[in-house]
Amino acid sequence: MNPTVIGEALVDVLASGIAPAQEFVGGSPLNVAVSLARLGYPGTLISRWGDDENGRKIESYLDANNVGYVGGKDDEPTVLAHGILDPAGGASFAFNAFWQMPKIGELSRDTELVHTGSIATLFSPEELLPLLAAARSHATISYDPNLRPSLVSSHPQTVAQIEQFVAQADVVRVSGIDLKWLYPLRSVNDSARAWLKLGPALVVATAGSRGCWGVVRAGEAQHESPQVEVSDTVGAGDTFTAALLCWLGEHEKLGAARRALLEALSVEELSQALEFASRAASVTVQRAGANPPRRAEL
């Protein structure tokens, strides 16, 4: 699969009640890259962080998880995401957000999978959209908006921008919360169906403990989340995304040469992919911070 993931790497500072805050290396794209590596598909993260102690934590974490990187440290500080955990383990974040696209040429033609999303796509659409368009000639494109509303200055502009990324993607994983923020006047499922018409082969909407639902050209499927004891939900959606991509790769659906096979995904195959991804995410929520499972745990 040789995945390439583009987007932010940061440090999550998670607080809950009166307990001391805990720090974890994170960032949605970084979490996807690490999840893929732990599931057996190490690749490359294109990202940036500061030349500081938190940046060194990120480098050590990537090295420990066999994830290569392009970009790395620059002159700006590492981003911190301050999260407050609610009683159910969900987190609301505030960012000292900074993103600068590392200087790269075209993506390697050896990669069959390119994933991106979150802050990077919000801050660098002019650089990322052409990059993804070119990569479609050799790779499956995966996208997760992973919205940060506190960083949005214009709702209509953000909706239009996200729809451009959806149109470039083959696989889209999105939280139901994000879809409701983007399109408050229609249902999550209707919004996902509308996105499928923009071009992707697969759109999956996740809803935490309420499970997930997906739509492909052949139809729709849903899956209930396993019932587990939740520590927190940080990184669960990223784990789900990585496991979904892992399932597709192992069933020979990834890469530009297999785009027609991905577009012909059956409802039964969709159901199997949702079950595998849900199982992986259910491991992550039982542990503090974004700590995705290794393949042996599944």
# chains A, B, ... in the order shown; residues from 1 in each chain; ligands from 1

call {"tool": "select_by_dssp", "arguments": {"residues": "stretch 111-252 of chain A", "states": "strand (DSSP E)", "output": "MDAnalysis selection string"}}
result
chainID A and resid 113:117 140:144 171:175 202:206 212:216 219:223

call {"tool": "write_last_selection", "arguments": {"atoms": "N, CA, C and O atoms", "output": "tab-separated table (two decimals), in the first residue's frame"}}
result
chain	number	residue	atom	x	y	z
A	113	LEU	N	-1.92	4.97	-1.98
A	113	LEU	CA	-2.91	5.59	-1.11
A	113	LEU	C	-2.39	6.93	-0.61
A	113	LEU	O	-1.27	7.02	-0.09
A	114	VAL	N	-3.21	7.98	-0.75
A	114	VAL	CA	-2.90	9.29	-0.19
A	114	VAL	C	-4.08	9.71	0.68
A	114	VAL	O	-5.23	9.73	0.22
A	115	HIS	N	-3.80	10.01	1.94
A	115	HIS	CA	-4.85	10.46	2.86
A	115	HIS	C	-4.53	11.87	3.35
A	115	HIS	O	-3.37	12.19	3.63
A	116	THR	N	-5.57	12.69	3.49
A	116	THR	CA	-5.39	14.02	4.07
A	116	THR	C	-6.68	14.47	4.75
A	116	THR	O	-7.71	13.81	4.66
A	117	GLY	N	-6.58	15.61	5.43
A	117	GLY	CA	-7.76	16.16	6.09
A	117	GLY	C	-7.39	17.14	7.18
A	117	GLY	O	-6.23	17.45	7.41
A	140	THR	N	-5.28	5.93	-4.72
A	140	THR	CA	-6.59	6.20	-4.14
A	140	THR	C	-6.45	7.41	-3.21
A	140	THR	O	-5.48	7.51	-2.46
A	141	ILE	N	-7.42	8.30	-3.26
A	141	ILE	CA	-7.39	9.50	-2.42
A	141	ILE	C	-8.42	9.33	-1.29
A	141	ILE	O	-9.59	9.04	-1.54
A	142	SER	N	-7.95	9.50	-0.07
A	142	SER	CA	-8.81	9.40	1.12
A	142	SER	C	-8.86	10.75	1.82
A	142	SER	O	-7.85	11.45	1.90
A	143	TYR	N	-10.04	11.09	2.34
A	143	TYR	CA	-10.23	12.42	2.94
A	143	TYR	C	-11.14	12.34	4.16
A	143	TYR	O	-12.17	11.65	4.14
A	144	ASP	N	-10.75	13.03	5.22
A	144	ASP	CA	-11.57	13.21	6.41
A	144	ASP	C	-11.54	14.68	6.77
A	144	ASP	O	-10.50	15.19	7.20
A	171	VAL	N	-12.40	7.86	-1.20
A	171	VAL	CA	-12.92	7.38	0.09
A	171	VAL	C	-13.04	8.58	1.02
A	171	VAL	O	-12.09	9.33	1.20
A	172	VAL	N	-14.22	8.75	1.61
A	172	VAL	CA	-14.44	9.83	2.57
A	172	VAL	C	-14.98	9.23	3.86
A	172	VAL	O	-15.96	8.49	3.84
A	173	ARG	N	-14.31	9.56	4.97
A	173	ARG	CA	-14.83	9.23	6.30
A	173	ARG	C	-15.08	10.55	7.00
A	173	ARG	O	-14.23	11.42	7.06
A	174	VAL	N	-16.27	10.71	7.55
A	174	VAL	CA	-16.64	11.98	8.17
A	174	VAL	C	-17.49	11.69	9.40
A	174	VAL	O	-18.27	10.72	9.42
A	175	SER	N	-17.34	12.49	10.43
A	175	SER	CA	-18.20	12.33	11.60
A	175	SER	C	-19.57	12.93	11.31
A	175	SER	O	-19.70	13.91	10.57
A	202	LEU	N	-17.04	5.83	-2.01
A	202	LEU	CA	-17.48	5.40	-0.70
A	202	LEU	C	-17.50	6.60	0.25
A	202	LEU	O	-16.53	7.36	0.32
A	203	VAL	N	-18.60	6.79	0.95
A	203	VAL	CA	-18.71	7.82	1.99
A	203	VAL	C	-19.23	7.13	3.25
A	203	VAL	O	-20.27	6.47	3.22
A	204	VAL	N	-18.48	7.29	4.34
A	204	VAL	CA	-18.87	6.70	5.62
A	204	VAL	C	-19.03	7.81	6.65
A	204	VAL	O	-18.15	8.66	6.80
A	205	ALA	N	-20.16	7.78	7.36
A	205	ALA	CA	-20.41	8.72	8.45
A	205	ALA	C	-20.39	7.94	9.76
A	205	ALA	O	-21.06	6.92	9.89
A	206	THR	N	-19.60	8.42	10.72
A	206	THR	CA	-19.49	7.74	12.01
A	206	THR	C	-20.18	8.56	13.09
A	206	THR	O	-20.22	9.79	13.04
A	212	CYS	N	-21.93	3.37	12.84
A	212	CYS	CA	-21.51	4.01	11.59
A	212	CYS	C	-22.45	3.59	10.46
A	212	CYS	O	-23.17	2.59	10.56
A	213	TRP	N	-22.41	4.35	9.41
A	213	TRP	CA	-23.29	4.14	8.26
A	213	TRP	C	-22.50	4.54	7.02
A	213	TRP	O	-21.78	5.54	7.02
A	214	GLY	N	-22.61	3.74	5.97
A	214	GLY	CA	-21.88	4.05	4.75
A	214	GLY	C	-22.73	3.88	3.52
A	214	GLY	O	-23.74	3.16	3.53
A	215	VAL	N	-22.31	4.56	2.46
A	215	VAL	CA	-23.03	4.48	1.19
A	215	VAL	C	-22.03	4.31	0.05
A	215	VAL	O	-20.99	4.96	0.01
A	216	VAL	N	-22.34	3.38	-0.83
A	216	VAL	CA	-21.59	3.15	-2.06
A	216	VAL	C	-22.59	3.15	-3.22
A	216	VAL	O	-23.80	3.26	-3.00
A	219	GLY	N	-25.41	0.63	-2.83
A	219	GLY	CA	-26.40	0.73	-1.75
A	219	GLY	C	-25.78	1.21	-0.45
A	219	GLY	O	-24.71	1.84	-0.45
A	220	GLU	N	-26.43	0.89	0.66
A	220	GLU	CA	-26.05	1.42	1.96
A	220	GLU	C	-25.93	0.31	2.99
A	220	GLU	O	-26.53	-0.76	2.83
A	221	ALA	N	-25.15	0.58	4.05
A	221	ALA	CA	-25.01	-0.38	5.14
A	221	ALA	C	-24.72	0.37	6.42
A	221	ALA	O	-24.20	1.49	6.39
A	222	GLN	N	-25.08	-0.24	7.54
A	222	GLN	CA	-24.75	0.35	8.83
A	222	GLN	C	-24.22	-0.72	9.77
A	222	GLN	O	-24.42	-1.92	9.55
A	223	HIS	N	-23.53	-0.26	10.82
A	223	HIS	CA	-22.97	-1.21	11.77
A	223	HIS	C	-23.02	-0.58	13.16
A	223	HIS	O	-22.69	0.58	13.34

call {"tool": "residues_around", "arguments": {"residues": "A:Ser225", "least_positions_apart": "5", "cutoff": "9 Å", "atoms": "only C-alpha atoms", "output": "PyMOL selection string"}}
result
chain A and resi 207-212+275+278-279+281-282

call {"tool": "write_last_selection", "arguments": {"atoms": "C-alpha atoms", "output": "PDB file, in the first residue's frame"}}
result
ATOM      1  CA  ALA A 207     -21.455   8.506  15.166  1.00  0.00           C
ATOM      2  CA  GLY A 208     -19.361   7.175  18.049  1.00  0.00           C
ATOM      3  CA  SER A 209     -21.297   4.799  20.291  1.00  0.00           C
ATOM      4  CA  ARG A 210     -24.254   4.963  17.883  1.00  0.00           C
ATOM      5  CA  GLY A 211     -22.237   3.196  15.211  1.00  0.00           C
ATOM      6  CA  CYS A 212     -21.515   4.007  11.588  1.00  0.00           C
ATOM      7  CA  GLU A 275     -17.296  -4.033  11.019  1.00  0.00           C
ATOM      8  CA  SER A 278     -15.500  -0.332  14.128  1.00  0.00           C
ATOM      9  CA  ARG A 279     -13.625  -3.116  15.885  1.00  0.00           C
ATOM     10  CA  ALA A 281     -11.863   2.035  16.824  1.00  0.00           C
ATOM     11  CA  SER A 282     -13.389   0.212  19.801  1.00  0.00           C
TER      12      SER A 282
END

call {"tool": "atom_distance", "arguments": {"atom1": "atom CA of A:Asp178", "atom2": "atom CA of A:Glu229"}}
result
24.4 Å

call {"tool": "closest_atom_pairs", "arguments": {"of": "stretch 97-211 of chain A", "to": "stretch 48-58 of chain A", "cutoff": "8 Å", "atoms": "only C-alpha atoms", "output": "JSON lines"}}
result
{"residue": "A:Trp99", "atom": "CA", "partner": "A:Arg48", "partner_atom": "CA", "distance": 7.4}
{"residue": "A:Gln100", "atom": "CA", "partner": "A:Arg48", "partner_atom": "CA", "distance": 7.1}
{"residue": "A:Met101", "atom": "CA", "partner": "A:Arg48", "partner_atom": "CA", "distance": 7.6}
{"residue": "A:Pro102", "atom": "CA", "partner": "A:Arg48", "partner_atom": "CA", "distance": 6.8}

call {"tool": "atom_distance", "arguments": {"atom1": "atom CA of A:Leu122", "atom2": "atom CA of A:Ser150"}}
result
11.6 Å

call {"tool": "closest_residue", "arguments": {"among": "A:Ala97, A:Val34, A:Leu185, A:Ala167", "to": "A:Asn66", "atoms": "only C-alpha atoms"}}
result
A:Val34

call {"tool": "residues_around", "arguments": {"residues": "A:Ala264", "least_positions_apart": "2", "cutoff": "12 Å", "atoms": "only C-alpha atoms", "output": "list in words"}}
result
Asp170, Pro200, Ala201, Leu202, Val215, Val216, Arg217, Ala218, Gly219, Lys253, Arg258, Arg259, Ala260, Leu261, Leu262, Ser266, Val267, Glu268, Glu269 and Leu270 of chain A
